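What follows is a single structure, written as structure tokens, with notes after it.
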Amino acid sequence: MSASPSASSRGSRTGVWLIGARGSVATTVVAGCAAVTAGLHPPTGMVTETPDFADAGLPALPSLVFGGHDTVDCPLPKRAEALAAGGVLPHGLPSAVGAELAAADREIRPGGPLPGDMRDEEALIAAFAADITDFARRSGADRTVVVNVASTEPVPTGGALPASSLYAAAALRAGCPYVNFTPSTGLHHPALSAPAAASGLPYAGRDGKTGQTLLRSVLGPMFAQRALAVRAWSGTNLLGGGDGAALADPAAAAAKNAGKERVLADTLGAPVEGEVHIDDVPALGDWKTAWDHIAFDGFLGARMVLQTTWQGCDSSLAAPLVLDLARLVARAHQRGLTGPLGELGFYFKDPVGDGPSSLAEQYAELKRFAGRLADDADSDSDSETGFAPDADADADGRGARR
């Protein structure tokens, strides 16, 4: 896809292709973007709508067009109605943005592989890539960002590509930047390392940091900076909906918990005793409760405890971050950045590339990144000619930054 003028300044379109497009997060993304665009609700939770990002040249929310892949066939308007009944979306919003939901639903294509699908990996990748490029052509999008918001899959065994990696490979083939908002493998599969590096595309991930781990990335540095010795840190998650059902699989839960534990080890400087448990409670629907129990030592060995409780709706926490990431990665692609965008670690439990683990340091890095995106944002002389992939990109795909 050719580069183009800044969407914010010249009214071009940016595609957002959602893997898991009929799930709770994707539905909230589409409905939320329409609601904010229409002035029905403020952009609460969207970091890119704060003053620090006003000059970054990001695509405007009204310029975003949506499509995606999914293996279920419940139409987005009906999915939105179910979310409103559960309190995830405001009452009346599905009807208010019904046209936008219906438009996005028309652009959703069957995902896979489903049971009985006899296509091999190459055929699946080619079909998924064709769906993405067809969407870009129909919608008139200058560039399309592929974002994985599907349910967590188990850690793969053997050499076969899991579904998340098939979609990631399709994004590369379609020439699209990629974001993995899930703990699933995606571009982390060894077979995709070389294609990702050679693609000249920016990518970000993985596993969005929306609740319990967001809090851990703040509290971990606090204990380290105050020289308080953490003896144990244990946690429990109660959740329902599609995530609860998916994470009832111990292999999928293990993939999720790995990121939570990594944040603690990185921010505290060493692993600590304790585990995270995930329990599926279907009655909770799209709502979740997360508890943490932190045992720590103070001066002269005084033993103390901090306990936290986080209650929230994952879809409402995730959707504004997905919109942020789609805009930031689209702009990075327009600016010719390549490889892993470690500067977006603020959004992830297990970020690609290099960067700090503390949320405060990650936010500072994110603001510096916004400043780099803003370079020549008004003129965007690069957008008239496009960028070629950086010939000096290193082995992990990170090219020289402008």
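Chain labels follow the order of the structure tokens: the first chain is A, the next B, and so on; residue numbering restarts at 1 in every chain, and ligands are counted from 1 in their shown order.
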What's around region 321-327 of chain A at 7 Å? Count only C-alpha atoms, leave out sequence neighbours fewer than 6 positions away in its own chain, and write the answer as a CSV table (one decimal) with N, CA and C atoms, in the first residue's frame.
```
chain,number,residue,atom,x,y,z
A,16,VAL,N,-8.6,-0.4,10.0
A,16,VAL,CA,-8.3,-1.2,11.2
A,16,VAL,C,-8.9,-2.5,11.0
A,29,VAL,N,-14.7,-1.4,20.4
A,29,VAL,CA,-13.8,-0.5,19.6
A,29,VAL,C,-14.6,0.2,18.6
A,46,MET,N,-8.5,7.2,26.3
A,46,MET,CA,-7.7,7.3,25.1
A,46,MET,C,-6.5,8.2,25.3
A,47,VAL,N,-5.3,7.6,25.5
A,47,VAL,CA,-4.1,8.4,25.7
A,47,VAL,C,-3.8,9.3,24.5
A,48,THR,N,-4.1,8.9,23.3
A,48,THR,CA,-3.8,9.7,22.1
A,48,THR,C,-4.7,10.9,21.9
A,58,LEU,N,-1.4,12.0,14.1
A,58,LEU,CA,-2.1,10.7,14.1
A,58,LEU,C,-3.4,10.8,13.2
A,59,PRO,N,-3.8,9.6,12.6
A,59,PRO,CA,-5.0,9.7,11.9
A,59,PRO,C,-6.2,10.0,12.8
A,145,VAL,N,-4.0,-1.2,9.5
A,145,VAL,CA,-3.3,-1.9,10.6
A,145,VAL,C,-4.1,-3.1,11.1
```
### Message
Can you tell me, as a ChimeraX atom specification, which residues in region 146-264 of chain A count as strand (DSSP E or B) by DSSP?
### Response
/A:146-148,178-180,202-205,208,229-239
### Task
Tell me which of A:Ala364, A:Leu61, A:Ala204, A:Ile278 sits closest to Pro340 (chain A), counting only C-alpha atoms.
A:Ala204
### Query
Separation of CA of Arg231 (chain A) and CA of Lys260 (chain A), in Å?
16.8 Å
#### Entry: Residues flagged helix (DSSP H, G or I) by DSSP in region 276-397 of chain A, as an NGL selection string
:A and (282-284 or 299-301 or 314-334 or 342-347 or 359-373 or 381-385)
Produce a file of the selected residues containing N, CA and C atoms, as a short mmCIF file (atom, residue, chain, number, x, y, z; two decimals), in the first residue's frame.
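Below you can see result13.cif, which holds the result:
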```cif
data_model
loop_
_atom_site.label_atom_id
_atom_site.label_comp_id
_atom_site.auth_asym_id
_atom_site.auth_seq_id
_atom_site.Cartn_x
_atom_site.Cartn_y
_atom_site.Cartn_z
N PRO A 282 -18.70 -17.77 34.66
CA PRO A 282 -19.54 -17.32 33.54
C PRO A 282 -20.54 -16.24 33.92
N ALA A 283 -21.04 -16.26 35.16
CA ALA A 283 -22.05 -15.27 35.57
C ALA A 283 -21.51 -13.85 35.54
N LEU A 284 -20.17 -13.67 35.56
CA LEU A 284 -19.60 -12.32 35.54
C LEU A 284 -19.65 -11.68 34.16
N PHE A 299 11.67 -1.74 57.45
CA PHE A 299 12.85 -1.48 58.29
C PHE A 299 12.86 -2.40 59.50
N LEU A 300 14.03 -2.97 59.79
CA LEU A 300 14.23 -3.87 60.91
C LEU A 300 13.39 -5.14 60.81
N GLY A 301 13.06 -5.49 59.56
CA GLY A 301 12.35 -6.74 59.33
C GLY A 301 10.87 -6.72 59.62
N ASP A 314 -13.11 -5.54 31.07
CA ASP A 314 -11.94 -5.63 30.19
C ASP A 314 -12.18 -4.96 28.84
N SER A 315 -13.38 -5.10 28.29
CA SER A 315 -13.64 -4.51 26.97
C SER A 315 -13.54 -3.01 27.02
N SER A 316 -14.08 -2.40 28.08
CA SER A 316 -14.03 -0.94 28.20
C SER A 316 -12.61 -0.45 28.48
N LEU A 317 -11.82 -1.27 29.16
CA LEU A 317 -10.43 -0.89 29.42
C LEU A 317 -9.58 -1.08 28.17
N ALA A 318 -9.87 -2.12 27.39
CA ALA A 318 -9.03 -2.44 26.23
C ALA A 318 -9.33 -1.58 25.01
N ALA A 319 -10.61 -1.28 24.77
CA ALA A 319 -11.00 -0.63 23.51
C ALA A 319 -10.27 0.69 23.26
N PRO A 320 -10.16 1.61 24.23
CA PRO A 320 -9.44 2.84 23.93
C PRO A 320 -7.97 2.62 23.63
N LEU A 321 -7.39 1.58 24.24
CA LEU A 321 -5.98 1.28 23.97
C LEU A 321 -5.81 0.74 22.55
N VAL A 322 -6.76 -0.07 22.10
CA VAL A 322 -6.70 -0.58 20.72
C VAL A 322 -6.78 0.58 19.73
N LEU A 323 -7.66 1.53 19.99
CA LEU A 323 -7.74 2.70 19.11
C LEU A 323 -6.43 3.50 19.15
N ASP A 324 -5.87 3.68 20.34
CA ASP A 324 -4.57 4.35 20.45
C ASP A 324 -3.53 3.65 19.59
N LEU A 325 -3.42 2.34 19.75
CA LEU A 325 -2.38 1.59 19.06
C LEU A 325 -2.56 1.61 17.55
N ALA A 326 -3.80 1.49 17.09
CA ALA A 326 -4.04 1.55 15.65
C ALA A 326 -3.57 2.88 15.08
N ARG A 327 -3.84 3.97 15.79
CA ARG A 327 -3.45 5.30 15.31
C ARG A 327 -1.93 5.48 15.36
N LEU A 328 -1.32 5.05 16.46
CA LEU A 328 0.13 5.23 16.61
C LEU A 328 0.90 4.39 15.60
N VAL A 329 0.48 3.14 15.41
CA VAL A 329 1.20 2.27 14.48
C VAL A 329 0.96 2.69 13.04
N ALA A 330 -0.24 3.18 12.74
CA ALA A 330 -0.48 3.70 11.39
C ALA A 330 0.43 4.89 11.10
N ARG A 331 0.56 5.77 12.07
CA ARG A 331 1.42 6.94 11.89
C ARG A 331 2.90 6.52 11.79
N ALA A 332 3.30 5.53 12.61
CA ALA A 332 4.68 5.04 12.51
C ALA A 332 4.95 4.47 11.12
N HIS A 333 3.98 3.75 10.57
CA HIS A 333 4.13 3.22 9.21
C HIS A 333 4.24 4.35 8.20
N GLN A 334 3.42 5.36 8.36
CA GLN A 334 3.48 6.51 7.45
C GLN A 334 4.83 7.21 7.54
N GLY A 342 9.32 -0.84 20.34
CA GLY A 342 9.49 -0.95 21.78
C GLY A 342 8.97 0.27 22.52
N GLU A 343 8.84 1.40 21.82
CA GLU A 343 8.35 2.63 22.45
C GLU A 343 6.89 2.51 22.88
N LEU A 344 6.19 1.48 22.40
CA LEU A 344 4.79 1.29 22.76
C LEU A 344 4.62 0.29 23.91
N GLY A 345 5.71 0.02 24.63
CA GLY A 345 5.66 -0.90 25.76
C GLY A 345 4.69 -0.48 26.84
N PHE A 346 4.34 0.79 26.90
CA PHE A 346 3.35 1.32 27.84
C PHE A 346 2.05 0.53 27.78
N TYR A 347 1.73 -0.03 26.62
CA TYR A 347 0.44 -0.69 26.41
C TYR A 347 0.46 -2.20 26.67
N LEU A 359 5.75 1.65 34.50
CA LEU A 359 4.74 2.36 33.72
C LEU A 359 5.12 3.82 33.53
N ALA A 360 5.66 4.47 34.57
CA ALA A 360 6.04 5.87 34.45
C ALA A 360 7.12 6.07 33.39
N GLU A 361 8.11 5.19 33.39
CA GLU A 361 9.18 5.29 32.38
C GLU A 361 8.66 4.96 30.99
N GLN A 362 7.73 4.00 30.93
CA GLN A 362 7.14 3.67 29.63
C GLN A 362 6.32 4.83 29.09
N TYR A 363 5.63 5.53 29.97
CA TYR A 363 4.85 6.67 29.50
C TYR A 363 5.75 7.79 29.00
N ALA A 364 6.86 8.01 29.69
CA ALA A 364 7.81 9.02 29.23
C ALA A 364 8.36 8.66 27.86
N GLU A 365 8.64 7.37 27.66
CA GLU A 365 9.12 6.92 26.35
C GLU A 365 8.04 7.09 25.28
N LEU A 366 6.80 6.82 25.65
CA LEU A 366 5.70 6.99 24.70
C LEU A 366 5.57 8.45 24.26
N LYS A 367 5.70 9.37 25.20
CA LYS A 367 5.61 10.80 24.85
C LYS A 367 6.77 11.21 23.95
N ARG A 368 7.95 10.67 24.20
CA ARG A 368 9.08 10.98 23.30
C ARG A 368 8.80 10.43 21.91
N PHE A 369 8.19 9.26 21.85
CA PHE A 369 7.83 8.66 20.57
C PHE A 369 6.83 9.55 19.83
N ALA A 370 5.86 10.08 20.54
CA ALA A 370 4.89 10.99 19.92
C ALA A 370 5.58 12.21 19.35
N GLY A 371 6.60 12.69 20.06
CA GLY A 371 7.36 13.83 19.55
C GLY A 371 8.07 13.50 18.25
N ARG A 372 8.62 12.29 18.14
CA ARG A 372 9.28 11.89 16.90
C ARG A 372 8.27 11.72 15.76
N LEU A 373 7.09 11.21 16.08
CA LEU A 373 6.06 11.10 15.05
C LEU A 373 5.64 12.46 14.54
N SER A 381 6.24 15.50 3.90
CA SER A 381 6.77 15.35 2.55
C SER A 381 7.01 13.89 2.20
N ASP A 382 7.27 13.06 3.24
CA ASP A 382 7.48 11.64 2.99
C ASP A 382 6.23 10.98 2.46
N SER A 383 5.06 11.48 2.83
CA SER A 383 3.82 10.81 2.45
C SER A 383 3.54 10.91 0.96
N GLU A 384 4.19 11.83 0.29
CA GLU A 384 3.94 11.95 -1.15
C GLU A 384 4.72 10.90 -1.93
N THR A 385 5.85 10.46 -1.40
CA THR A 385 6.68 9.55 -2.15
C THR A 385 6.71 8.16 -1.56
#
```
As a short mmCIF file (atom, residue, chain, number, x, y, z; two decimals) with C-alpha atoms, in the first residue's frame, please: the residues near Thr14 (chain A) (cut-off 9 Å, only C-alpha atoms, same-chain neighbours under 6 positions excluded).
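Printed below is around.cif as written:
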```cif
data_model
loop_
_atom_site.label_atom_id
_atom_site.label_comp_id
_atom_site.auth_asym_id
_atom_site.auth_seq_id
_atom_site.Cartn_x
_atom_site.Cartn_y
_atom_site.Cartn_z
CA ALA A 7 -5.24 11.54 7.77
CA PRO A 59 -5.05 9.67 11.86
CA ALA A 60 -8.25 11.30 13.06
CA SER A 63 -10.95 8.53 9.29
CA LEU A 64 -10.85 5.02 10.77
CA VAL A 65 -12.70 2.27 8.90
CA PHE A 66 -13.14 -1.22 10.34
CA ALA A 136 -8.20 -1.82 1.82
CA SER A 139 -12.63 1.14 1.78
CA GLY A 140 -10.10 3.42 0.12
CA ALA A 141 -7.72 3.06 3.07
CA ASP A 142 -4.21 4.41 2.46
CA ARG A 143 -2.87 1.92 4.99
CA THR A 144 -4.41 -0.78 7.17
CA VAL A 145 -3.28 -1.86 10.64
CA ALA A 326 -4.04 1.55 15.65
CA ARG A 327 -3.45 5.30 15.31
CA ALA A 330 -0.48 3.70 11.39
#
```
### Query
Near Ala104 (chain A), counting only C-alpha atoms, which residues have an atom at most 6 Å away, once you skip same-chain residues fewer than 3 positions from it, shown as a list in words?
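Residues meeting the cut-off are Phe66, Gly67, Leu101 and Glu107 of chain A.
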### Task
Identify, on the basis of only C-alpha atoms, every residue whose closest approach to Tyr203 (chain A) does not exceed 8 Å; exclude the query and any residue fewer than 3 positions from it along the same chain; express the result as a VMD selection string.
chain A and resid 177 to 179 329 338 to 341
### Option closest in space to Pro271 (chain A), from A:Ala374, A:Val230, A:Ala80, A:Ala194 [counting only C-alpha atoms]
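Checking each candidate against Pro271 (chain A), we get A:Val230 as the closest.
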When you look at Trp233 (chain A) with a cut-off of 8 Å (counting only C-alpha atoms), what residues show up, excluding the ones that are within fewer than 5 positions of it in the same chain? I need them as a CSV table (one decimal) with N, CA and C atoms, in the first residue's frame.
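Result file out.csv:
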```
chain,number,residue,atom,x,y,z
A,272,VAL,N,9.7,-13.4,42.3
A,272,VAL,CA,9.3,-13.5,43.7
A,272,VAL,C,8.4,-14.7,43.8
A,273,GLU,N,8.2,-15.2,45.1
A,273,GLU,CA,7.3,-16.3,45.3
A,273,GLU,C,5.9,-15.8,45.1
A,274,GLY,N,5.1,-16.8,44.6
A,274,GLY,CA,3.6,-16.5,44.4
A,274,GLY,C,3.2,-16.7,42.9
A,275,GLU,N,1.9,-17.0,42.7
A,275,GLU,CA,1.4,-17.3,41.4
A,275,GLU,C,0.1,-16.5,41.2
A,292,ASP,N,-4.8,-8.9,44.5
A,292,ASP,CA,-3.4,-9.2,44.7
A,292,ASP,C,-3.1,-9.1,46.2
A,293,HIS,N,-2.2,-10.0,46.7
A,293,HIS,CA,-1.8,-10.1,48.0
A,293,HIS,C,-0.2,-10.0,48.0
A,294,ILE,N,0.3,-8.9,48.6
A,294,ILE,CA,1.7,-8.6,48.5
A,294,ILE,C,2.3,-8.6,49.9
A,295,ALA,N,3.2,-9.5,50.2
A,295,ALA,CA,3.9,-9.6,51.5
A,295,ALA,C,5.2,-9.0,51.3
```
12 Å contact set for region 114-124 of chain A, only C-alpha atoms, chain neighbours under 4 positions out, as a short mmCIF file (atom, residue, chain, number, x, y, z; two decimals) with N, CA and C atoms, in the first residue's frame:
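In the end it all went to out.cif:
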```cif
data_model
loop_
_atom_site.label_atom_id
_atom_site.label_comp_id
_atom_site.auth_asym_id
_atom_site.auth_seq_id
_atom_site.Cartn_x
_atom_site.Cartn_y
_atom_site.Cartn_z
N ASP A 70 -13.37 -13.30 11.83
CA ASP A 70 -13.89 -13.98 13.01
C ASP A 70 -14.46 -15.33 12.59
N THR A 71 -14.52 -16.25 13.56
CA THR A 71 -15.06 -17.57 13.29
C THR A 71 -16.51 -17.71 13.74
N VAL A 72 -17.08 -16.65 14.32
CA VAL A 72 -18.50 -16.67 14.72
C VAL A 72 -19.28 -15.75 13.78
N PRO A 110 -14.93 -14.65 7.15
CA PRO A 110 -14.75 -15.86 7.96
C PRO A 110 -13.28 -16.10 8.29
N PHE A 128 -6.43 -15.17 3.89
CA PHE A 128 -6.57 -14.09 4.87
C PHE A 128 -5.95 -12.79 4.34
N ALA A 129 -4.79 -12.90 3.68
CA ALA A 129 -4.15 -11.71 3.11
C ALA A 129 -5.01 -11.08 2.03
N ALA A 130 -5.64 -11.92 1.21
CA ALA A 130 -6.52 -11.40 0.16
C ALA A 130 -7.71 -10.66 0.75
N ASP A 131 -8.25 -11.18 1.86
CA ASP A 131 -9.35 -10.48 2.54
C ASP A 131 -8.93 -9.08 2.97
N GLY A 159 5.74 -27.61 15.27
CA GLY A 159 6.15 -26.55 14.35
C GLY A 159 5.02 -25.89 13.59
N ALA A 160 3.80 -26.40 13.71
CA ALA A 160 2.69 -25.82 12.96
C ALA A 160 2.36 -24.42 13.45
N LEU A 161 1.95 -23.56 12.53
CA LEU A 161 1.58 -22.20 12.90
C LEU A 161 0.20 -22.20 13.55
N PRO A 162 0.07 -21.63 14.76
CA PRO A 162 -1.27 -21.48 15.34
C PRO A 162 -2.04 -20.40 14.59
N ALA A 163 -3.34 -20.31 14.89
CA ALA A 163 -4.18 -19.36 14.15
C ALA A 163 -3.65 -17.94 14.24
N SER A 164 -3.20 -17.52 15.43
CA SER A 164 -2.72 -16.14 15.57
C SER A 164 -1.53 -15.86 14.65
N SER A 165 -0.69 -16.86 14.44
CA SER A 165 0.47 -16.68 13.57
C SER A 165 0.08 -16.70 12.09
N LEU A 166 -0.97 -17.46 11.76
CA LEU A 166 -1.47 -17.42 10.38
C LEU A 166 -1.96 -16.02 10.04
N TYR A 167 -2.70 -15.41 10.96
CA TYR A 167 -3.18 -14.05 10.74
C TYR A 167 -2.02 -13.05 10.68
N ALA A 168 -1.03 -13.23 11.54
CA ALA A 168 0.13 -12.34 11.52
C ALA A 168 0.88 -12.46 10.21
N ALA A 169 1.06 -13.68 9.73
CA ALA A 169 1.73 -13.88 8.43
C ALA A 169 0.93 -13.24 7.31
N ALA A 170 -0.40 -13.31 7.41
CA ALA A 170 -1.24 -12.68 6.39
C ALA A 170 -1.08 -11.17 6.40
N ARG A 173 2.06 -10.37 4.59
CA ARG A 173 1.91 -10.56 3.15
C ARG A 173 1.09 -9.43 2.52
#
```
